[in-house]
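Asker: Contents of run-v5.txt (compact mmCIF, C-alpha atoms and all ligand atoms) are given next:
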# COMPACT_ATOMS: atom_id res chain seq x y z
CA MET A 99 -12.30 -6.28 -3.68
CA ARG A 100 -11.76 -4.77 -7.10
CA ILE A 101 -8.76 -2.48 -7.59
CA ASP A 102 -8.26 -0.44 -10.77
CA ILE A 103 -4.84 1.17 -11.20
CA LEU A 104 -4.34 4.00 -13.72
CA THR A 105 -0.77 4.37 -14.94
CA ILE A 106 1.42 5.43 -17.85
CA LEU A 107 3.86 2.60 -17.02
CA PRO A 108 1.80 -0.61 -16.79
CA ALA A 109 4.93 -2.78 -17.11
CA LEU A 110 6.05 -1.56 -13.66
CA LEU A 111 2.94 -3.12 -12.12
CA GLU A 112 3.11 -6.52 -13.79
CA GLY A 113 5.49 -8.10 -11.27
CA PRO A 114 4.22 -7.12 -7.84
CA PHE A 115 0.82 -8.80 -8.11
CA SER A 116 1.77 -12.01 -9.89
CA ASP A 117 3.43 -13.85 -7.02
CA SER A 118 2.91 -15.13 -3.53
CA ILE A 119 0.09 -13.65 -1.43
CA MET A 120 -1.07 -11.16 -4.09
CA LYS A 121 -1.37 -13.96 -6.63
CA ARG A 122 -3.18 -16.23 -4.19
CA ALA A 123 -5.69 -13.50 -3.31
CA GLN A 124 -6.60 -13.18 -6.97
CA GLU A 125 -6.77 -16.95 -7.52
CA LYS A 126 -9.11 -17.26 -4.53
CA GLY A 127 -11.32 -14.56 -6.07
CA LEU A 128 -10.78 -12.26 -3.07
CA SER A 129 -9.14 -9.50 -5.09
CA GLU A 130 -9.25 -8.47 -8.74
CA ILE A 131 -6.56 -6.09 -9.94
CA TYR A 132 -6.90 -4.28 -13.27
CA ILE A 133 -4.11 -2.16 -14.72
CA HIS A 134 -5.17 0.58 -17.18
CA ASN A 135 -2.75 2.36 -19.47
CA ILE A 136 -3.64 6.07 -19.42
CA ARG A 137 -1.92 6.49 -22.79
CA ASN A 138 -4.67 4.42 -24.44
CA TYR A 139 -7.12 7.18 -23.53
CA SER A 140 -5.15 10.01 -25.11
CA SER A 141 -6.81 11.59 -28.14
CA ASP A 142 -3.49 13.18 -29.12
CA LYS A 143 -2.03 11.69 -32.29
CA HIS A 144 1.28 11.02 -30.54
CA LYS A 145 -0.54 9.55 -27.54
CA ASN A 146 0.90 12.28 -25.33
CA VAL A 147 -0.44 12.35 -21.78
CA ASP A 148 1.42 15.40 -20.47
CA ASP A 149 2.02 19.05 -21.33
CA TYR A 150 3.92 22.16 -20.23
CA GLN A 151 2.65 23.85 -17.09
CA TYR A 152 0.78 27.12 -17.28
CA GLY A 153 2.77 29.97 -15.80
CA GLY A 154 6.05 28.41 -16.90
CA GLY A 155 8.54 26.37 -14.93
CA ALA A 156 10.42 23.13 -15.33
CA GLY A 157 8.63 19.81 -15.53
CA MET A 158 5.65 18.44 -17.39
CA VAL A 159 2.16 18.05 -15.95
CA MET A 160 -0.16 15.10 -16.63
CA SER A 161 -3.15 16.32 -18.62
CA ILE A 162 -6.70 16.04 -17.34
CA GLU A 163 -8.30 14.73 -20.53
CA PRO A 164 -7.10 11.09 -20.77
CA ILE A 165 -7.34 10.66 -16.98
CA ALA A 166 -10.88 12.08 -16.87
CA LYS A 167 -11.93 9.80 -19.73
CA ILE A 168 -10.84 6.63 -18.04
CA ILE A 169 -12.15 7.65 -14.60
CA GLU A 170 -15.56 8.56 -16.09
CA GLN A 171 -15.69 5.25 -17.93
CA LEU A 172 -14.89 3.19 -14.84
CA LYS A 173 -17.28 5.22 -12.64
CA ALA A 174 -20.09 4.57 -15.14
CA GLU A 175 -19.53 0.83 -14.69
CA ARG A 176 -19.56 0.69 -10.88
CA LYS A 177 -19.46 2.79 -7.74
CA TYR A 178 -16.00 3.43 -6.27
CA ASP A 179 -15.50 3.70 -2.52
CA GLU A 180 -12.30 5.68 -3.00
CA ILE A 181 -10.36 7.20 -5.90
CA ILE A 182 -6.85 7.50 -4.54
CA TYR A 183 -3.99 9.58 -5.91
CA MET A 184 -0.47 8.47 -4.94
CA THR A 185 1.58 11.59 -4.28
CA PRO A 186 4.42 12.60 -1.94
CA ASP A 187 2.26 15.46 -0.60
CA GLY A 188 -0.57 13.11 0.41
CA GLU A 189 -1.58 11.78 3.84
CA LEU A 190 1.08 9.39 5.16
CA LEU A 191 0.04 5.74 4.67
CA GLU A 192 -0.32 3.90 7.97
CA GLN A 193 -1.61 0.49 8.97
CA SER A 194 -4.91 2.01 10.14
CA ILE A 195 -5.56 3.31 6.60
CA SER A 196 -4.77 -0.09 5.08
CA ASN A 197 -7.15 -1.71 7.58
CA GLU A 198 -9.87 0.73 6.61
CA LEU A 199 -9.36 0.18 2.87
CA SER A 200 -9.27 -3.62 3.18
CA ILE A 201 -13.03 -3.78 3.75
CA LYS A 202 -13.97 -1.66 0.70
CA ASN A 203 -15.46 -3.11 -2.49
CA ASN A 204 -14.02 -0.97 -5.29
CA ILE A 205 -10.94 1.22 -5.22
CA MET A 206 -9.29 3.18 -8.01
CA ILE A 207 -5.66 4.29 -7.75
CA LEU A 208 -4.06 6.97 -9.92
CA CYS A 209 -0.27 6.95 -10.28
CA GLY A 210 1.29 10.36 -10.90
CA HIS A 211 4.43 11.25 -12.88
CA TYR A 212 6.54 14.26 -13.80
CA LYS A 213 5.45 17.35 -11.81
CA GLY A 214 2.14 15.68 -10.97
CA VAL A 215 -1.38 15.80 -12.41
CA ASP A 216 -3.44 18.84 -13.41
CA GLU A 217 -4.94 20.11 -10.15
CA ARG A 218 -8.47 19.79 -11.58
CA VAL A 219 -8.13 15.99 -11.51
CA ARG A 220 -7.42 16.20 -7.78
CA GLU A 221 -10.24 18.66 -7.14
CA HIS A 222 -12.96 16.87 -9.10
CA TYR A 223 -12.20 13.15 -9.06
CA ILE A 224 -9.78 12.23 -6.28
CA THR A 225 -11.30 11.34 -2.90
CA ARG A 226 -8.07 10.59 -1.05
CA GLU A 227 -4.36 11.35 -1.52
CA LEU A 228 -1.74 9.05 -0.03
CA SER A 229 2.03 9.15 0.36
CA ILE A 230 4.13 6.13 1.31
CA GLY A 231 6.87 8.25 2.89
CA SER A 232 8.73 11.53 2.96
CA TYR A 233 10.78 10.98 -0.18
CA VAL A 234 10.07 11.41 -3.86
CA LEU A 235 9.78 8.43 -6.20
CA SER A 236 9.97 8.74 -10.00
CA GLY A 237 6.30 7.89 -10.21
CA GLY A 238 3.35 6.63 -8.18
CA GLU A 239 3.54 3.02 -9.44
CA LEU A 240 5.82 1.63 -6.73
CA ALA A 241 3.80 3.53 -4.13
CA ALA A 242 0.58 2.03 -5.54
CA ALA A 243 2.14 -1.45 -5.37
CA VAL A 244 3.02 -0.87 -1.70
CA LEU A 245 -0.51 0.33 -0.94
CA VAL A 246 -2.20 -2.58 -2.73
CA ASP A 247 0.07 -5.15 -1.05
CA SER A 248 -0.61 -3.73 2.41
CA VAL A 249 -4.38 -3.69 1.77
CA VAL A 250 -4.89 -7.01 -0.05
CA ARG A 251 -3.11 -9.10 2.60
CA LEU A 252 -5.67 -7.81 5.12
CA ILE A 253 -8.74 -8.89 3.12
CA PRO A 254 -10.40 -11.60 5.21
CA GLY A 255 -9.44 -15.03 3.86
CA VAL A 256 -6.30 -13.92 2.02
CA LEU A 257 -3.80 -15.08 4.63
CA ASN A 258 -4.00 -18.74 5.60
CA ASN A 259 -3.74 -17.97 9.27
CA GLU A 260 -6.05 -15.05 10.02
CA THR A 261 -4.25 -14.26 13.23
CA SER A 262 -0.96 -13.63 11.46
CA ALA A 263 -2.16 -10.27 10.14
CA LEU A 264 -3.53 -9.37 13.55
CA THR A 265 -0.14 -9.90 15.15
CA ASP A 266 1.75 -7.85 12.53
CA SER A 267 3.81 -4.89 13.60
CA PHE A 268 1.69 -1.71 13.93
CA GLN A 269 -1.66 -3.49 14.46
CA ASP A 270 -1.54 -2.51 18.13
CA ASN A 271 0.90 0.37 17.64
CA LEU A 272 3.75 -1.91 18.65
CA LEU A 273 6.55 -3.36 16.55
CA SER A 274 6.75 -7.15 16.41
CA PRO A 275 9.01 -9.01 18.85
CA PRO A 276 12.02 -11.00 17.52
CA VAL A 277 11.27 -14.42 15.99
CA TYR A 278 13.43 -17.55 15.72
CA THR A 279 13.28 -20.94 14.03
CA ARG A 280 15.44 -24.08 14.03
CA PRO A 281 18.23 -24.79 14.82
CA PRO A 282 18.16 -23.90 18.54
CA GLU A 283 21.85 -23.04 18.36
CA TYR A 284 23.89 -21.80 15.38
CA ASN A 285 27.52 -20.82 15.58
CA GLY A 286 27.11 -20.62 19.38
CA TRP A 287 24.18 -18.15 19.02
CA LYS A 288 21.27 -19.47 21.05
CA VAL A 289 17.52 -19.04 20.76
CA PRO A 290 16.20 -17.47 24.01
CA GLU A 291 15.47 -20.25 26.50
CA VAL A 292 11.91 -19.14 27.20
CA LEU A 293 10.82 -19.82 23.59
CA LEU A 294 11.84 -23.47 23.96
CA SER A 295 10.16 -23.85 27.37
CA GLY A 296 6.63 -24.70 26.20
CA ASP A 297 5.34 -22.32 28.88
CA PHE A 298 3.00 -20.19 26.74
CA LYS A 299 2.18 -17.71 29.47
CA SER A 300 5.87 -16.89 29.88
CA ILE A 301 6.32 -16.84 26.10
CA ASP A 302 3.49 -14.32 25.67
CA LYS A 303 4.95 -12.18 28.45
CA TRP A 304 8.44 -12.30 26.89
CA ARG A 305 7.04 -11.36 23.48
CA GLU A 306 5.12 -8.43 24.89
CA GLU A 307 8.16 -7.18 26.78
CA LYS A 308 10.36 -7.47 23.69
CA ALA A 309 7.75 -5.71 21.52
CA ILE A 310 7.62 -2.80 23.96
CA GLU A 311 11.41 -2.69 24.31
CA ARG A 312 11.89 -2.66 20.51
CA THR A 313 9.20 -0.03 20.00
CA LYS A 314 10.67 2.22 22.72
CA LYS A 315 14.07 2.00 21.08
CA ARG A 316 13.10 2.29 17.41
CA ARG A 317 9.72 4.00 17.21
CA PRO A 318 8.94 5.83 20.48
CA ASP A 319 6.41 7.92 18.50
CA LEU A 320 4.15 4.83 18.32
CA LEU A 321 4.05 4.56 22.11
CA ASP A 322 3.11 8.23 22.38
CA SER A 323 0.17 7.61 20.05
CA ASN A 324 -1.00 4.73 22.32
CA GLU A 325 -1.52 7.27 25.11
CA ASN A 326 -3.84 9.43 22.98
N1 LIG A 401 4.90 9.48 -5.93
C1 LIG A 401 6.16 9.93 -5.86
N2 LIG A 401 6.64 9.83 -4.62
C2 LIG A 401 5.64 9.28 -3.86
C3 LIG A 401 5.53 8.95 -2.49
N3 LIG A 401 6.51 9.13 -1.63
N4 LIG A 401 4.35 8.42 -2.07
C4 LIG A 401 3.34 8.25 -2.94
N5 LIG A 401 3.40 8.55 -4.24
C5 LIG A 401 4.54 9.06 -4.71
Please express the file's structure as structure tokens.

Answerer:
Amino acid sequence: MRIDILTILPALLEGPFSDSIMKRAQEKGLSEIYIHNIRNYSSDKHKNVDDYQYGGGAGMVMSIEPIAKIIEQLKAERKYDEIIYMTPDGELLEQSISNELSIKNNIMILCGHYKGVDERVREHYITRELSIGSYVLSGGELAAAVLVDSVVRLIPGVLNNETSALTDSFQDNLLSPPVYTRPPEYNGWKVPEVLLSGDFKSIDKWREEKAIERTKKRRPDLLDSNEN
């Protein structure tokens, strides 16, 4: 999968993809991530990428011109399955969306700033708008990093153990059960007996019960959506 990210703050996106699973996915050739600096596409002599909003009001708006230039250039090179705009007023990101995106070939992601982008960018280029939660970040970069991480780890072959993504929280609308590792007792706090029993049928049953119990307590809304 190829992912192109358009940003005015490329430095913010250097870290998240250069370690661990994101790094491995790129080394294995399963994902290619390209960061494009929107400022390089500004024809303004000061390399400005924003302007005052028509109608007045506080806050700058990202201009259409540099963004359109870079999107047109990339679209001329290949077909994009989605051109996504990260914005707090977008559709709420959920595991099902990450699953869906993980089987695409080419995705472009636009990170917003200030008051947002000129509405004409959204109308004419953007195919999907996503929010990572009901709060406002300073810009779309951290949201884009969250989206890319959640998608790339699902690309077949990225995780060593394929089943580990399938048993993640949310994959079946349930949160994950508690997990433990050695030692079996620390400070008098014991690992539940059943996990040490070697009886895998009982272990599976215990995990399912705990997953349901945790979901009921913390995210009852997920159980409601199972009934739909
Ligand atoms: N940009 C600013 N806040 C955001 C959010 N919550 N989700 C996605 N993009 C954003």

Asker: Between A:Ile131, A:Ile182, A:Tyr152, A:Leu293, which has the minimum distance to Leu199 of chain A (counting all atoms listed in the file)?

Answerer: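 The closest residue to Leu199 of chain A is A:Ile182.
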
Asker: May I have the residues within 10 Å of Arg226 of chain A as a PDB file with C-alpha atoms, in the frame of the given file, using only C-alpha atoms and disregarding those fewer than 6 positions away in the same chain?

Answerer:
ATOM      1  CA  GLU A 180     -12.300   5.680  -3.000  1.00  0.00           C
ATOM      2  CA  ILE A 181     -10.360   7.200  -5.900  1.00  0.00           C
ATOM      3  CA  ILE A 182      -6.850   7.500  -4.540  1.00  0.00           C
ATOM      4  CA  TYR A 183      -3.990   9.580  -5.910  1.00  0.00           C
ATOM      5  CA  MET A 184      -0.470   8.470  -4.940  1.00  0.00           C
ATOM      6  CA  GLY A 188      -0.570  13.110   0.410  1.00  0.00           C
ATOM      7  CA  GLU A 189      -1.580  11.780   3.840  1.00  0.00           C
ATOM      8  CA  ILE A 207      -5.660   4.290  -7.750  1.00  0.00           C
ATOM      9  CA  ARG A 220      -7.420  16.200  -7.780  1.00  0.00           C
TER      10      ARG A 220
END

Asker: Within 6 Å of ligand LIG 401 (chain A) (counting all atoms listed in the file), which residues show up? I'd like them as a PyMOL selection string.

Answerer: chain A and resi 184-186+228-238+241

Asker: How many Å lie between atom CA of Asp102 of chain A and atom CA of Leu191 of chain A, rounded to one decimal?

Answerer: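 One can read the atom CA of Asp102 of chain A to atom CA of Leu191 of chain A distance as 18.6 Å.
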
Asker: In Å, with one decimal, what is the gap from atom CA of Tyr178 of chain A to atom CA of Asn203 of chain A?

Answerer: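 Atom CA of Asn203 of chain A lies at a distance of 7.6 Å from atom CA of Tyr178 of chain A.
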
Asker: Counting all atoms listed in the file, figure out which residue out of A:Ile224, A:Val289, A:Ile101, A:Val244 gets nearest to Val277 of chain A.

Answerer: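 Comparing A:Ile224, A:Val289, A:Ile101, A:Val244 against Val277 of chain A, the winner is A:Val289.
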
Asker: Identify, on the basis of only C-alpha atoms, every residue whose closest approach to Ala166 of chain A does not exceed 10 Å; exclude the query and any residue fewer than 6 positions from it along the same chain; express the result as an MDAnalysis selection string.

Answerer: chainID A and resid 136 139 172 218:219 222:223

Asker: Kindly provide the residues of segment 134-246 of chain A that approach segment 260-270 of chain A to within 10 Å, each paired with its closest atom pair and their distance in Å to one decimal, based on all atoms listed in the file, listed by chain and increasing number, as a Markdown table.

Answerer:
| residue | atom | partner | partner_atom | distance |
| --- | --- | --- | --- | --- |
| A:Glu192 | CA | A:Phe268 | CA | 8.4 |
| A:Gln193 | CA | A:Phe268 | CA | 6.4 |
| A:Ser194 | CA | A:Gln269 | CA | 7.7 |
| A:Asn197 | CA | A:Gln269 | CA | 9.0 |
